[in-house]
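As structure tokens, the structure follows; a few thoughts come after it.
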Amino acid sequence: SNQFYNFDEYFRKIVAFRFDSIAIGILGFWVSNYKDEIWLKYKSNLSIVSLFLFVLSIFIFWFLYKNNYKLYFSDILLYKLTAIFYTLIWAVIILGFFPFFSNFKKFNCNTFNIIFSFISKISYSLYLCNLPVLILFKRHFFVESNDIPYSIFQLFAYYGVLILISSLIYKYYEKVFMSMRKKIIV
């Protein structure tokens, strides 16, 4: 089990080793800008495939979780396949939804527009802070419980702290450097 923990904790979850997901995003950017006829022609098909993969992925995660990850930690091949490809599959799932939503401008509800705009601004900080905050919570704050309300509380506490830290990083770091960049480039 220790070899599993080391691979998962010290390889798969490290941002520098997740460039495969970034490459998927770059591929999507390239296709949307230079092959937009493909981007738009297959948007419904890609969304259906992504929806199928999303449901399948959730089912697999639920199955592994339900069985206390025993299968996950007992079969080295299954472990490596999921540890290596699970996040890559999620990048592909997300990219598959992009063509469908690429022409989407705004919600009818202004509150949704504000929330999505805010989340998009702090998304890079969320990406960078996700794992360190998760590790901190897992090691010091999370208590395993079968009590669903308490588990939901822990989940909301984690996301609340993650959004707060990401907002502060965006406001006091990212935004400052972006405004400096604008002054230097112009």
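The way I read the labels, and the way they are meant: chains A, B, ... in the order of the structure tokens, residue 1 as the first residue of every chain, and ligand 1 as the first ligand shown, with later ones counted on from there.
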If we count only C-alpha atoms and set the cut-off at 10 Å, which residues sit around range 26-30 of chain A, ignoring sequence neighbours fewer than 2 positions away in its own chain? Please answer as a short mmCIF file (atom, residue, chain, number, x, y, z; two decimals) with C-alpha atoms, in the first residue's frame.
data_model
loop_
_atom_site.label_atom_id
_atom_site.label_comp_id
_atom_site.auth_asym_id
_atom_site.auth_seq_id
_atom_site.Cartn_x
_atom_site.Cartn_y
_atom_site.Cartn_z
CA ASP A 20 -0.85 16.25 -19.94
CA SER A 21 -4.04 18.05 -18.87
CA ILE A 22 -2.57 21.37 -19.96
CA ALA A 23 -1.63 19.82 -23.31
CA ILE A 24 -5.25 18.68 -23.75
CA SER A 32 -11.18 25.84 -31.69
CA ASN A 33 -9.06 28.53 -33.35
CA TYR A 34 -7.66 26.80 -36.42
CA LYS A 35 -10.11 23.98 -37.11
CA ASP A 36 -13.33 25.59 -35.92
CA TRP A 39 -15.01 22.17 -33.33
CA VAL A 92 -10.77 14.99 -22.10
CA LEU A 95 -12.67 19.47 -23.29
CA GLY A 96 -15.51 17.48 -24.87
CA PHE A 98 -16.23 23.02 -24.51
CA PRO A 99 -17.44 23.04 -28.15
#
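For Ser44 in chain A, the non-local neighbours within 10 Å, defined as residues at least 3 positions apart in the same chain or in other chains and counting only C-alpha atoms, are Trp39, Leu40, Lys41, Ser47, Ile48, Val49, Ser50, Gly96, Phe97, Pro99 and Phe100 of chain A.
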Have a look at CA of Phe156 in chain A and CA of Tyr124 in chain A and let me know their distance in Å, one decimal.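 Between these atoms lies a distance of 19.8 Å.
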For each of A:Lys43, A:Leu155, A:Ile184, A:Ile114, take the minimum atom-to-atom distance to Val143 in chain A, counting only C-alpha atoms, then give the residue where this is smallest.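 Under the stated criterion, the closest residue is A:Leu155.
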Within 8 Å of Ser166 in chain A, counting only C-alpha atoms, which residues qualify if same-chain residues fewer than 5 places away don't, as a list of chain:residue names? A:Ile122, A:Ser123, A:Ser125, A:Leu126, A:Cys129
Students should find that CA of Tyr173 in chain A and CA of Phe118 in chain A are spaced 15.8 Å
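We find CA of Leu46 in chain A and CA of Asn130 in chain A to be spaced 27.3 Å apart.
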